[in-house]
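Asks: Pasting my_file_27.cif below, which is mmCIF, C-alpha atoms.
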data_entry
#
loop_
_atom_site.label_atom_id
_atom_site.label_comp_id
_atom_site.auth_asym_id
_atom_site.auth_seq_id
_atom_site.Cartn_x
_atom_site.Cartn_y
_atom_site.Cartn_z
CA MET F 1084 30.65 -2.20 -10.62
CA ALA F 1085 28.34 -1.32 -13.54
CA ASP F 1086 26.96 1.77 -15.14
CA ILE F 1087 23.23 2.47 -15.40
CA SER F 1088 22.94 0.60 -18.71
CA GLY F 1089 24.04 -2.60 -17.03
CA ASN F 1090 27.52 -2.82 -18.55
CA THR F 1091 29.72 -4.54 -16.02
CA THR F 1092 33.01 -3.05 -14.85
CA VAL F 1093 33.67 -5.87 -12.38
CA GLY F 1094 36.27 -8.37 -13.54
CA HIS F 1095 35.23 -11.90 -14.41
CA ALA F 1096 37.35 -13.37 -11.62
CA GLU F 1097 35.45 -11.30 -9.05
CA TRP F 1098 32.11 -12.21 -10.63
CA ARG F 1099 33.00 -15.88 -10.51
CA ASP F 1100 33.96 -15.54 -6.87
CA ARG F 1101 30.61 -13.90 -6.13
CA PHE F 1102 28.72 -16.73 -7.78
CA GLN F 1103 30.70 -19.28 -5.81
CA GLN F 1104 29.86 -17.38 -2.61
CA ALA F 1105 26.21 -17.29 -3.66
CA GLU F 1106 26.20 -21.04 -4.32
CA THR F 1107 27.71 -21.78 -0.91
CA ALA F 1108 25.26 -19.45 0.84
CA LEU F 1109 22.21 -20.88 -0.92
CA ASN F 1110 23.23 -24.45 -0.15
CA GLY F 1111 23.46 -23.43 3.48
CA VAL F 1112 19.83 -22.32 3.71
CA VAL F 1113 18.21 -24.75 1.26
CA ILE F 1114 19.87 -28.04 2.08
CA GLY F 1115 19.77 -31.09 -0.14
CA GLN F 1116 19.28 -29.05 -3.33
CA THR F 1117 22.85 -28.75 -4.59
CA ARG F 1118 21.98 -29.52 -8.21
CA ALA F 1119 18.92 -27.27 -8.18
CA VAL F 1120 20.99 -24.40 -6.80
CA ARG F 1121 23.65 -24.85 -9.48
CA LEU F 1122 21.06 -24.98 -12.29
CA ILE F 1123 19.24 -21.89 -11.03
CA LEU F 1124 22.51 -19.96 -10.82
CA LEU F 1125 23.24 -21.01 -14.41
CA SER F 1126 19.82 -19.69 -15.41
CA VAL F 1127 20.63 -16.42 -13.65
CA LEU F 1128 23.86 -16.22 -15.66
CA CYS F 1129 21.89 -16.81 -18.86
CA ARG F 1130 18.92 -14.59 -17.92
CA GLY F 1131 16.63 -17.50 -18.79
CA HIS F 1132 13.21 -18.37 -17.41
CA VAL F 1133 12.83 -21.47 -15.24
CA LEU F 1134 10.21 -24.19 -14.87
CA LEU F 1135 10.44 -25.87 -11.47
CA ALA F 1136 9.51 -29.52 -11.00
CA GLY F 1137 8.93 -31.31 -7.72
CA ASP F 1138 6.45 -32.30 -5.08
CA VAL F 1139 4.67 -29.94 -2.70
CA GLY F 1140 6.71 -28.66 0.24
CA THR F 1141 10.20 -29.32 -1.13
CA GLY F 1142 11.41 -25.73 -0.70
CA LYS F 1143 10.79 -24.19 -4.13
CA THR F 1144 9.41 -20.91 -2.77
CA THR F 1145 12.14 -20.70 -0.13
CA LEU F 1146 14.78 -21.25 -2.80
CA LEU F 1147 13.38 -18.49 -5.02
CA ARG F 1148 13.10 -16.04 -2.14
CA ALA F 1149 16.69 -16.85 -1.25
CA VAL F 1150 17.83 -16.25 -4.84
CA ALA F 1151 15.92 -12.95 -4.92
CA ARG F 1152 17.78 -11.79 -1.81
CA ILE F 1153 21.14 -12.89 -3.21
CA ILE F 1154 20.64 -10.84 -6.38
CA GLY F 1155 18.99 -7.99 -4.47
CA GLY F 1156 16.05 -7.40 -6.79
CA PRO F 1157 12.32 -7.08 -6.10
CA TYR F 1158 10.37 -10.33 -5.89
CA ALA F 1159 6.68 -10.99 -6.58
CA ARG F 1160 4.49 -14.06 -6.87
CA ILE F 1161 1.00 -15.10 -7.90
CA GLU F 1162 -1.01 -18.23 -7.23
CA GLY F 1163 -2.51 -20.08 -10.16
CA THR F 1164 -6.25 -20.73 -9.77
CA VAL F 1165 -8.93 -21.82 -12.20
CA ASP F 1166 -10.72 -18.45 -11.93
CA LEU F 1167 -7.58 -16.33 -12.34
CA LEU F 1168 -7.90 -13.71 -15.08
CA PRO F 1169 -5.04 -12.12 -17.07
CA THR F 1170 -5.94 -8.76 -15.55
CA ASP F 1171 -5.36 -10.21 -12.06
CA MET F 1172 -1.65 -10.19 -12.87
CA LEU F 1173 -1.81 -6.46 -13.62
CA TYR F 1174 -4.19 -4.88 -11.11
CA THR F 1175 -6.53 -5.52 -8.21
CA ALA F 1176 -9.86 -3.73 -7.69
CA HIS F 1177 -11.46 -3.13 -4.31
CA ILE F 1178 -13.76 -0.78 -2.41
CA ASP F 1179 -11.89 1.68 -0.21
CA ASP F 1180 -12.88 2.63 3.34
CA ASP F 1181 -14.72 5.67 1.99
CA GLY F 1182 -16.82 3.44 -0.26
CA ARG F 1183 -15.07 4.40 -3.49
CA PRO F 1184 -13.66 1.86 -5.92
CA ARG F 1185 -9.88 1.75 -6.14
CA ILE F 1186 -7.46 0.13 -8.58
CA GLU F 1187 -4.08 -0.99 -7.25
CA PRO F 1188 -1.15 -2.51 -9.16
CA GLY F 1189 -1.21 -6.30 -9.26
CA PRO F 1190 1.70 -8.69 -8.66
CA VAL F 1191 3.56 -7.95 -11.90
CA LEU F 1192 3.37 -4.17 -11.51
CA SER F 1193 3.52 -3.81 -7.74
CA GLN F 1194 7.33 -3.74 -7.67
CA GLY F 1195 7.73 -1.44 -10.69
CA GLU F 1196 9.97 -2.00 -13.65
CA ASP F 1197 12.86 -3.20 -11.48
CA LEU F 1198 10.98 -6.46 -10.89
CA SER F 1199 13.67 -9.13 -10.81
CA ILE F 1200 12.00 -12.45 -9.96
CA PHE F 1201 8.36 -13.28 -10.66
CA PHE F 1202 7.12 -16.64 -9.35
CA PHE F 1203 3.96 -18.17 -10.83
CA ASN F 1204 2.93 -20.88 -8.39
CA GLU F 1205 0.94 -23.81 -9.86
CA ILE F 1206 0.88 -22.35 -13.35
CA ASN F 1207 -1.15 -25.24 -14.71
CA ARG F 1208 -4.11 -24.26 -12.54
CA ALA F 1209 -4.45 -21.04 -14.56
CA ARG F 1210 -6.32 -20.93 -17.86
CA PRO F 1211 -4.61 -20.55 -21.27
CA GLN F 1212 -5.61 -16.85 -21.44
CA VAL F 1213 -3.40 -16.23 -18.41
CA HIS F 1214 -0.60 -18.25 -19.96
CA ALA F 1215 -0.79 -16.04 -23.04
CA LEU F 1216 -0.10 -12.87 -21.05
CA LEU F 1217 2.69 -14.57 -19.14
CA LEU F 1218 4.28 -15.72 -22.40
CA ARG F 1219 4.37 -12.17 -23.71
CA LEU F 1220 5.95 -11.03 -20.47
CA MET F 1221 8.56 -13.79 -20.76
CA ALA F 1222 9.30 -13.29 -24.45
CA GLU F 1223 9.35 -9.48 -24.57
CA ARG F 1224 9.86 -8.53 -20.90
CA SER F 1225 7.20 -5.92 -21.47
CA LEU F 1226 3.43 -5.45 -21.40
CA THR F 1227 0.79 -2.76 -21.73
CA ALA F 1228 -1.22 -1.60 -18.72
CA PHE F 1229 -2.72 1.65 -17.41
CA ARG F 1230 -2.34 3.20 -20.87
CA ARG F 1231 1.41 2.83 -20.97
CA GLU F 1232 4.09 0.33 -21.91
CA TRP F 1233 5.95 -1.29 -19.02
CA THR F 1234 9.40 -2.81 -19.53
CA PHE F 1235 11.13 -5.22 -17.17
CA PRO F 1236 14.77 -5.48 -18.29
CA HIS F 1237 15.90 -7.49 -15.26
CA LEU F 1238 12.97 -9.92 -15.13
CA GLN F 1239 13.35 -13.65 -14.68
CA VAL F 1240 10.17 -15.75 -14.51
CA PHE F 1241 9.91 -18.93 -12.46
CA ALA F 1242 6.90 -21.25 -12.48
CA ASP F 1243 5.97 -24.60 -11.05
CA ARG F 1244 3.16 -27.01 -11.79
CA ASN F 1245 0.74 -28.88 -9.57
CA GLN F 1246 1.78 -32.46 -10.31
CA ILE F 1247 -0.66 -34.16 -7.93
CA GLU F 1248 -4.20 -33.10 -8.84
CA ARG F 1249 -5.45 -33.44 -12.41
CA ASP F 1250 -8.88 -31.84 -11.99
CA GLU F 1251 -9.16 -28.20 -13.07
CA THR F 1252 -5.62 -28.06 -14.41
CA PHE F 1253 -4.47 -26.90 -17.84
CA GLU F 1254 -1.21 -28.38 -19.01
CA LEU F 1255 1.21 -26.01 -20.68
CA PRO F 1256 1.22 -26.31 -24.47
CA ALA F 1257 4.46 -26.93 -26.35
CA ALA F 1258 4.97 -23.25 -27.17
CA ALA F 1259 4.67 -22.30 -23.50
CA ARG F 1260 7.08 -24.98 -22.31
CA ASP F 1261 9.59 -23.92 -24.95
CA ARG F 1262 9.68 -20.39 -23.48
CA PHE F 1263 11.26 -21.74 -20.31
CA MET F 1264 14.98 -22.06 -20.79
CA ILE F 1265 15.40 -24.83 -18.25
CA GLU F 1266 13.42 -27.19 -16.04
CA VAL F 1267 14.92 -27.60 -12.59
CA PRO F 1268 13.93 -30.55 -10.38
CA VAL F 1269 13.50 -29.66 -6.71
CA ASN F 1270 12.90 -32.93 -4.88
CA ALA F 1271 12.92 -33.80 -1.20
CA PRO F 1272 16.42 -34.65 0.09
CA THR F 1273 17.21 -38.35 0.23
CA ASP F 1274 20.02 -38.03 2.78
CA PRO F 1275 18.64 -39.07 6.23
CA ASP F 1276 20.72 -36.46 8.09
CA GLN F 1277 19.38 -33.68 5.89
CA ARG F 1278 15.79 -34.87 6.35
CA ILE F 1279 16.29 -34.94 10.12
CA ALA F 1280 17.82 -31.45 10.05
CA LEU F 1281 14.85 -30.06 8.11
CA ALA F 1282 12.46 -31.60 10.63
CA PHE F 1283 14.26 -30.82 13.90
CA ASP F 1284 16.65 -27.89 13.35
CA THR F 1285 14.56 -24.86 14.29
CA ARG F 1286 16.45 -22.47 12.00
CA PHE F 1287 14.75 -24.17 9.03
CA HIS F 1288 11.32 -23.56 10.60
CA ASP F 1289 11.49 -19.75 10.32
CA THR F 1290 11.90 -19.04 6.63
CA ASP F 1291 12.04 -15.24 7.00
CA SER F 1292 14.88 -15.36 9.52
CA LEU F 1293 16.71 -18.01 7.50
CA ILE F 1294 16.64 -15.94 4.32
CA ALA F 1295 17.67 -12.81 6.21
CA THR F 1296 21.05 -14.45 6.93
CA LEU F 1297 21.95 -14.33 3.23
CA PRO F 1298 24.11 -11.51 1.80
CA GLN F 1299 21.64 -9.18 0.10
CA GLY F 1300 22.56 -7.98 -3.39
CA LEU F 1301 25.68 -10.11 -3.67
CA LEU F 1302 25.06 -10.62 -7.40
CA SER F 1303 23.72 -7.09 -8.08
CA PHE F 1304 20.76 -7.75 -10.37
CA ARG F 1305 21.16 -4.60 -12.49
CA GLN F 1306 24.55 -5.83 -13.75
CA LEU F 1307 23.58 -9.38 -14.68
CA ASN F 1308 22.40 -8.60 -18.23
CA GLY F 1309 25.79 -7.16 -19.13
CA LEU F 1310 27.63 -10.08 -17.53
CA ALA F 1311 25.45 -12.61 -19.37
CA ARG F 1312 26.27 -11.03 -22.73
CA GLU F 1313 29.99 -11.01 -21.97
CA ILE F 1314 30.02 -14.69 -20.97
CA GLN F 1315 28.43 -15.71 -24.26
CA ASP F 1316 30.92 -13.58 -26.20
CA VAL F 1317 34.10 -14.76 -24.49
CA THR F 1318 33.41 -18.48 -23.97
CA PHE F 1319 34.65 -20.47 -26.98
CA ALA F 1320 32.96 -23.50 -28.57
CA SER F 1321 35.14 -25.45 -30.99
CA PRO F 1322 33.82 -26.75 -34.33
CA THR F 1323 33.93 -30.34 -33.02
CA LEU F 1324 31.96 -29.29 -29.94
CA GLN F 1325 29.43 -27.51 -32.14
CA ARG F 1326 28.96 -30.69 -34.16
CA TYR F 1327 28.50 -32.67 -30.94
CA VAL F 1328 25.69 -30.32 -29.93
CA LEU F 1329 24.00 -30.73 -33.29
CA ASP F 1330 24.34 -34.53 -33.28
CA LEU F 1331 22.84 -34.79 -29.78
CA SER F 1332 19.90 -32.56 -30.66
CA GLU F 1333 19.21 -34.44 -33.90
CA ALA F 1334 19.31 -37.75 -32.03
CA LEU F 1335 16.68 -36.49 -29.61
CA ARG F 1336 14.56 -35.18 -32.48
CA ASP F 1337 14.63 -38.47 -34.43
CA PRO F 1338 15.93 -41.24 -32.15
CA ALA F 1339 15.20 -44.03 -34.63
CA ALA F 1340 17.28 -42.41 -37.37
CA ALA F 1341 20.13 -41.92 -34.90
CA GLY F 1342 19.98 -45.58 -33.89
CA LEU F 1343 19.05 -44.90 -30.25
CA GLU F 1344 17.73 -47.80 -28.22
CA VAL F 1345 15.57 -47.57 -25.12
CA GLN F 1346 14.67 -50.91 -23.55
CA GLY F 1347 11.06 -51.90 -24.05
CA LEU F 1348 10.17 -48.95 -26.29
CA ASP F 1349 9.68 -48.50 -30.01
CA VAL F 1350 11.73 -45.34 -30.51
CA ALA F 1351 10.30 -44.85 -34.01
CA ARG F 1352 6.93 -44.06 -32.39
CA LEU F 1353 8.27 -42.25 -29.35
CA VAL F 1354 8.89 -38.60 -30.21
CA ARG F 1355 6.24 -36.30 -31.64
CA GLY F 1356 8.30 -33.10 -31.66
CA GLY F 1357 11.95 -32.33 -31.13
CA VAL F 1358 14.01 -29.46 -29.86
CA SER F 1359 13.41 -26.06 -31.45
CA PRO F 1360 16.13 -23.62 -32.56
CA ARG F 1361 15.31 -21.64 -29.40
CA GLY F 1362 16.00 -24.77 -27.38
CA LEU F 1363 19.31 -25.30 -29.13
CA GLN F 1364 20.30 -21.71 -28.35
CA ALA F 1365 19.35 -22.27 -24.71
CA LEU F 1366 21.53 -25.37 -24.56
CA VAL F 1367 24.54 -23.49 -25.92
CA ARG F 1368 24.00 -20.56 -23.57
CA ALA F 1369 23.72 -22.87 -20.55
CA ALA F 1370 26.82 -24.85 -21.55
CA ARG F 1371 28.85 -21.66 -21.95
CA ALA F 1372 27.67 -20.43 -18.54
CA ALA F 1373 28.61 -23.79 -16.99
CA ALA F 1374 32.08 -23.62 -18.48
CA TRP F 1375 32.55 -20.03 -17.31
CA LEU F 1376 31.37 -20.82 -13.78
CA ASP F 1377 33.91 -23.65 -13.60
CA GLY F 1378 36.69 -21.25 -14.57
CA ARG F 1379 37.18 -22.21 -18.22
CA ASP F 1380 37.04 -20.09 -21.37
CA ALA F 1381 35.94 -22.95 -23.64
CA VAL F 1382 32.97 -25.33 -23.56
CA MET F 1383 33.77 -28.99 -22.88
CA PRO F 1384 31.57 -32.05 -23.44
CA GLN F 1385 31.00 -32.33 -19.68
CA ASP F 1386 29.39 -28.88 -19.70
CA LEU F 1387 26.85 -30.10 -22.25
CA ARG F 1388 26.19 -33.27 -20.32
CA GLN F 1389 25.59 -31.23 -17.18
CA VAL F 1390 22.85 -29.10 -18.72
CA LEU F 1391 21.39 -31.12 -21.61
CA ALA F 1392 18.64 -32.93 -19.66
CA PRO F 1393 17.37 -29.82 -17.77
CA VAL F 1394 17.41 -27.70 -20.94
CA MET F 1395 16.16 -30.28 -23.44
CA GLY F 1396 13.94 -32.57 -21.35
CA HIS F 1397 10.82 -30.41 -21.25
CA ARG F 1398 11.23 -29.67 -24.96
CA ILE F 1399 11.02 -33.33 -26.00
CA PHE F 1400 7.37 -33.87 -26.86
CA LEU F 1401 6.35 -37.51 -26.72
CA THR F 1402 3.44 -39.12 -28.54
CA PRO F 1403 0.28 -39.27 -26.39
CA GLY F 1404 0.67 -42.94 -25.51
CA PHE F 1405 4.09 -42.34 -23.94
CA GLU F 1406 3.49 -38.91 -22.40
CA PRO F 1407 2.17 -40.23 -19.04
CA ARG F 1408 5.53 -41.96 -18.52
CA ARG F 1409 7.74 -39.04 -19.54
CA GLU F 1410 9.43 -38.84 -16.12
CA THR F 1411 11.16 -42.15 -16.82
CA ILE F 1412 11.21 -42.15 -20.63
CA VAL F 1413 12.87 -38.76 -21.21
CA PRO F 1414 15.88 -39.44 -18.93
CA ALA F 1415 16.32 -42.85 -20.59
CA LEU F 1416 16.20 -41.23 -24.03
CA VAL F 1417 18.77 -38.61 -23.06
CA GLN F 1418 21.06 -41.31 -21.66
CA ALA F 1419 20.65 -43.30 -24.87
CA ALA F 1420 21.79 -40.24 -26.84
CA PHE F 1421 24.85 -39.85 -24.61
CA ASP F 1422 25.67 -43.54 -25.08
CA LYS F 1423 25.27 -43.46 -28.85
CA ILE F 1424 26.80 -40.14 -29.95
CA PRO F 1425 30.63 -40.23 -29.81
CA VAL F 1426 32.19 -37.67 -27.47
CA PRO F 1427 34.63 -35.44 -29.36
CA ALA F 1428 38.26 -35.83 -28.39
CA SER F 1429 38.83 -32.08 -28.13
#
Give the structure from the file, written as structure tokens.
Replies:
Amino acid sequence: MADISGNTTVGHAEWRDRFQQAETALNGVVIGQTRAVRLILLSVLCRGHVLLAGDVGTGKTTLLRAVARIIGGPYARIEGTVDLLPTDMLYTAHIDDDGRPRIEPGPVLSQGEDLSIFFFNEINRARPQVHALLLRLMAERSLTAFRREWTFPHLQVFADRNQIERDETFELPAAARDRFMIEVPVNAPTDPDQRIALAFDTRFHDTDSLIATLPQGLLSFRQLNGLAREIQDVTFASPTLQRYVLDLSEALRDPAAAGLEVQGLDVARLVRGGVSPRGLQALVRAARAAAWLDGRDAVMPQDLRQVLAPVMGHRIFLTPGFEPRRETIVPALVQAAFDKIPVPAS
């Protein structure tokens, strides 16, 4: 297993087997989300924060609770509201039965410093002041409260946005979006049999019982930091692959200069801001994790193609006139980059 510092003593073959077991188990309780499950497991391998995308009621909370059980760490959540204050993440105040005021730890602190998964539901309903505290928590995995410094070495933050209502919402600024390593779409299943199963199979109606069937602590959250470091160290990226990464990122930053074409759009006016160095690092980390999970010790072009859209998509900042159509424009732009940039032979 691992020592207290998180250094893993479990072999990579056994770790890979555990992740494959976890993927199978998660797909058994959250059906129709095969790609979302794979991307979230890659984020777990990279210790990266996740922005979830999808309509209401598609199973995002169930999926995160299931992941929390699989890795065995404490889980907490908070609901974004327009009147939420930064301090609401840290403590709650109330009058006790004896009439005295009491202060209790809030969602972030209630599970202590072993907090593993923190879910911010409808993050765009919260004000920018709340986002600021969350960003510090994400960037530093620490914060100050109750006259002491709290550290959360195992923390992974997940957030989703209300994509229906526009009133009383505050869209995440570019800096906030860039803190999320990956954006994972969680959409309703399209397969008719899966939709019927979700509606009529009673085991999907009791979320608590469904999640309880999962193997708790299979991925052992205290060891994941050490494993993540090892994967990045041992998974090779050739010089030609490195150049491919750079060419793709530059094409998405300046599509006109790269000669990209998207039907019906003037690509010279399309992109306001491209991928940051942090985003490029996230892409490489995710590609290495994808290669490792598939049993290889070197990154291949298919690994990049698997993760580029989820890692890069929310970091492509379109000009205001195109932003309302980003759900169709960004995938088309990514595909144009794949079509234009030559795939390295080796």
Asks: For each of F:Glu1266, F:Glu1205, F:Glu1196, F:Glu1187, take the minimum atom-to-atom distance to Ser1126 (chain F), counting all atoms listed in the file, then give the residue where this is smallest.
Replies: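 For Ser1126 (chain F), the nearest of the candidates is F:Glu1266.
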Asks: Using only C-alpha atoms, list the residues that have an atom at most 6 Å from (30.8, -21.9, -27.0), coordinates as in the file, as a list in words.
Replies: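 Those residues lying close to the given coordinates are Thr1318, Phe1319, Ala1320, Arg1371 and Val1382 of chain F.
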Asks: Please write the residues picked by the PyMOL selection byres ((chain F and resi 1334) around 12) on this file as JSON, numbers by chain.
Replies: {"F": [1327, 1328, 1329, 1330, 1331, 1332, 1333, 1335, 1336, 1337, 1338, 1339, 1340, 1341, 1342, 1343, 1344, 1350, 1351, 1354, 1356, 1357, 1358, 1395, 1399, 1416, 1417, 1418, 1419, 1420, 1421, 1422, 1423, 1424, 1425]}
Asks: In the coordinate frame of the file, compute which residues have an atom within 6 Å of (17.8, -30.6, -1.3) when using all atoms listed in the file, and state them as a list in words.
Replies: Ile1114, Gly1115, Gln1116, Ala1271 and Pro1272 of chain F
Asks: Using CA of Thr1227 (chain F) and CA of Leu1173 (chain F) as the two end points, give the distance in Å to one decimal.
Replies: 9.3 Å
Asks: Convert the output of the PyMOL selection byres ((chain F and resi 1383) around 9) on the shown file into explicit residues, formatted as a PDB file with C-alpha atoms, in the frame of the given file.
Replies:
ATOM      1  CA  ALA F1320      32.960 -23.500 -28.570  1.00  0.00           C
ATOM      2  CA  SER F1321      35.140 -25.450 -30.990  1.00  0.00           C
ATOM      3  CA  LEU F1324      31.960 -29.290 -29.940  1.00  0.00           C
ATOM      4  CA  ALA F1370      26.820 -24.850 -21.550  1.00  0.00           C
ATOM      5  CA  ARG F1371      28.850 -21.660 -21.950  1.00  0.00           C
ATOM      6  CA  ALA F1374      32.080 -23.620 -18.480  1.00  0.00           C
ATOM      7  CA  ARG F1379      37.180 -22.210 -18.220  1.00  0.00           C
ATOM      8  CA  ALA F1381      35.940 -22.950 -23.640  1.00  0.00           C
ATOM      9  CA  VAL F1382      32.970 -25.330 -23.560  1.00  0.00           C
ATOM     10  CA  PRO F1384      31.570 -32.050 -23.440  1.00  0.00           C
ATOM     11  CA  GLN F1385      31.000 -32.330 -19.680  1.00  0.00           C
ATOM     12  CA  ASP F1386      29.390 -28.880 -19.700  1.00  0.00           C
ATOM     13  CA  LEU F1387      26.850 -30.100 -22.250  1.00  0.00           C
ATOM     14  CA  SER F1429      38.830 -32.080 -28.130  1.00  0.00           C
TER      15      SER F1429
END
Asks: Quick one: what's the axis-aligned box for region 1345-1355 of chain F, all listed atoms, 4 Å on every side, centre and edges in Å to one decimal, as AutoDock Vina command-line options?
Replies:
--center_x 10.9 --center_y -44.1 --center_z -28.8 --size_x 17.3 --size_y 23.6 --size_z 18.5
Asks: Could you tell me how far CA of Asp1261 (chain F) lies from CA of Arg1398 (chain F), in Å and to one decimal?
Replies: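 Computing it gives 6.0 Å between the two atoms.
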Asks: Taking only C-alpha atoms into account, name the residue in F:Leu1168, F:Phe1405, F:Asp1180, F:Val1367 that is nearest to Arg1355 (chain F).
Replies: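 Closest to Arg1355 (chain F), using only C-alpha atoms: F:Phe1405.
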Asks: Measure the distance from CA of Leu1255 (chain F) to CA of Pro1414 (chain F) in Å and round it to one decimal.
Replies: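 The value is 20.0 Å.
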Asks: Using only C-alpha atoms, pick whichever of F:Leu1167, F:Thr1411, F:Gly1378, F:Ala1369 has the shortest atom-to-atom distance to Leu1216 (chain F).
Replies: F:Leu1167
Asks: Hey, which of F:Glu1406, F:Asp1100, F:Asp1284, F:Asp1197 ends up closest to Ala1159 (chain F)? Count all atoms listed in the file.
Replies: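 Result for the nearest residue to Ala1159 (chain F): F:Asp1197.
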Asks: Residues within 8 Å of Phe1253 (chain F), please, as a list of chain:residue names. Count only C-alpha atoms; anything in the same chain fewer than 5 positions from it doesn't count.
Replies: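 Answer for this query is F:Asn1207, F:Arg1208, F:Ala1209, F:Arg1210, F:Pro1211.
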Asks: Take the PyMOL selection byres ((chain F and resi 1293) around 12), run it mentally on this structure, and tell me the resulting residues as a list in words.
Replies: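 Evaluating the PyMOL selection byres ((chain F and resi 1293) around 12) on this file yields Ala1108, Leu1109, Asn1110, Gly1111, Val1112, Val1113, Ile1114, Thr1145, Leu1146, Arg1148, Ala1149, Arg1152, Asp1284, Thr1285, Arg1286, Phe1287, His1288, Asp1289, Thr1290, Asp1291, Ser1292, Ile1294, Ala1295, Thr1296, Leu1297 and Pro1298 of chain F.
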Asks: Between F:Val1093, F:Leu1135, F:Ala1105, F:Ala1373, which one has atoms that come closest to Val1150 (chain F), using only C-alpha atoms?
Replies: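 Among the listed residues, F:Ala1105 lies closest to Val1150 (chain F).
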Asks: Got a sec: who's within 10 Å of Arg1160 (chain F), counting only C-alpha atoms, leaving out chain neighbours fewer than 5 positions off, as a PyMOL selection string?
Replies: chain F and resi 1144+1172+1189-1191+1200-1204+1240-1242
Asks: Select, from F:Arg1121, F:Arg1361, F:Arg1231, F:His1214, the residue with the minimum atom-to-atom distance to Phe1102 (chain F), counting all atoms listed in the file.
Replies: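 Among F:Arg1121, F:Arg1361, F:Arg1231, F:His1214, it is F:Arg1121 that comes nearest to Phe1102 (chain F).
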Asks: So which residues touch Arg1099 (chain F) within 9 Å, counting only C-alpha atoms, skipping near sequence neighbours fewer than 4 positions away, as a list in words?
Replies: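 Counting only the stated atoms, we get Gly1094, His1095, Gln1103, Gln1104, Trp1375, Leu1376, Asp1377 and Gly1378 of chain F.
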Asks: Using the partial input, fill out region 1215-1219 of chain F with all heavy atoms; write the result as a CSV table (one decimal), in the frame of the given file.
Replies:
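Ended up saving to result_0.csv:
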chain,number,residue,atom,x,y,z
F,1215,ALA,N,-1.1,-16.9,-21.9
F,1215,ALA,CA,-0.8,-16.0,-23.0
F,1215,ALA,C,-0.1,-14.7,-22.6
F,1215,ALA,O,0.9,-14.3,-23.2
F,1215,ALA,CB,-2.0,-15.8,-23.9
F,1216,LEU,N,-0.7,-14.1,-21.5
F,1216,LEU,CA,-0.1,-12.9,-21.0
F,1216,LEU,C,1.3,-13.1,-20.4
F,1216,LEU,O,2.2,-12.4,-20.7
F,1216,LEU,CB,-1.0,-12.2,-20.0
F,1216,LEU,CG,-0.5,-10.9,-19.4
F,1216,LEU,CD1,-0.3,-9.9,-20.4
F,1216,LEU,CD2,-1.5,-10.4,-18.3
F,1217,LEU,N,1.4,-14.2,-19.7
F,1217,LEU,CA,2.7,-14.6,-19.1
F,1217,LEU,C,3.7,-14.8,-20.2
F,1217,LEU,O,4.9,-14.4,-20.1
F,1217,LEU,CB,2.6,-15.8,-18.3
F,1217,LEU,CG,3.8,-16.2,-17.5
F,1217,LEU,CD1,4.2,-15.2,-16.5
F,1217,LEU,CD2,3.7,-17.6,-16.9
F,1218,LEU,N,3.3,-15.5,-21.3
F,1218,LEU,CA,4.3,-15.7,-22.4
F,1218,LEU,C,4.8,-14.4,-23.0
F,1218,LEU,O,6.0,-14.3,-23.4
F,1218,LEU,CB,3.6,-16.6,-23.5
F,1218,LEU,CG,3.4,-18.1,-23.1
F,1218,LEU,CD1,2.8,-18.8,-24.2
F,1218,LEU,CD2,4.7,-18.7,-22.6
F,1219,ARG,N,3.9,-13.4,-23.2
F,1219,ARG,CA,4.4,-12.2,-23.7
F,1219,ARG,C,5.4,-11.5,-22.7
F,1219,ARG,O,6.4,-11.0,-23.2
F,1219,ARG,CB,3.2,-11.2,-23.9
F,1219,ARG,CG,3.7,-9.9,-24.5
F,1219,ARG,CD,2.8,-8.7,-24.5
F,1219,ARG,NE,3.5,-7.5,-24.8
F,1219,ARG,CZ,2.9,-6.3,-24.8
F,1219,ARG,NH1,1.6,-6.2,-24.7
F,1219,ARG,NH2,3.6,-5.2,-25.1
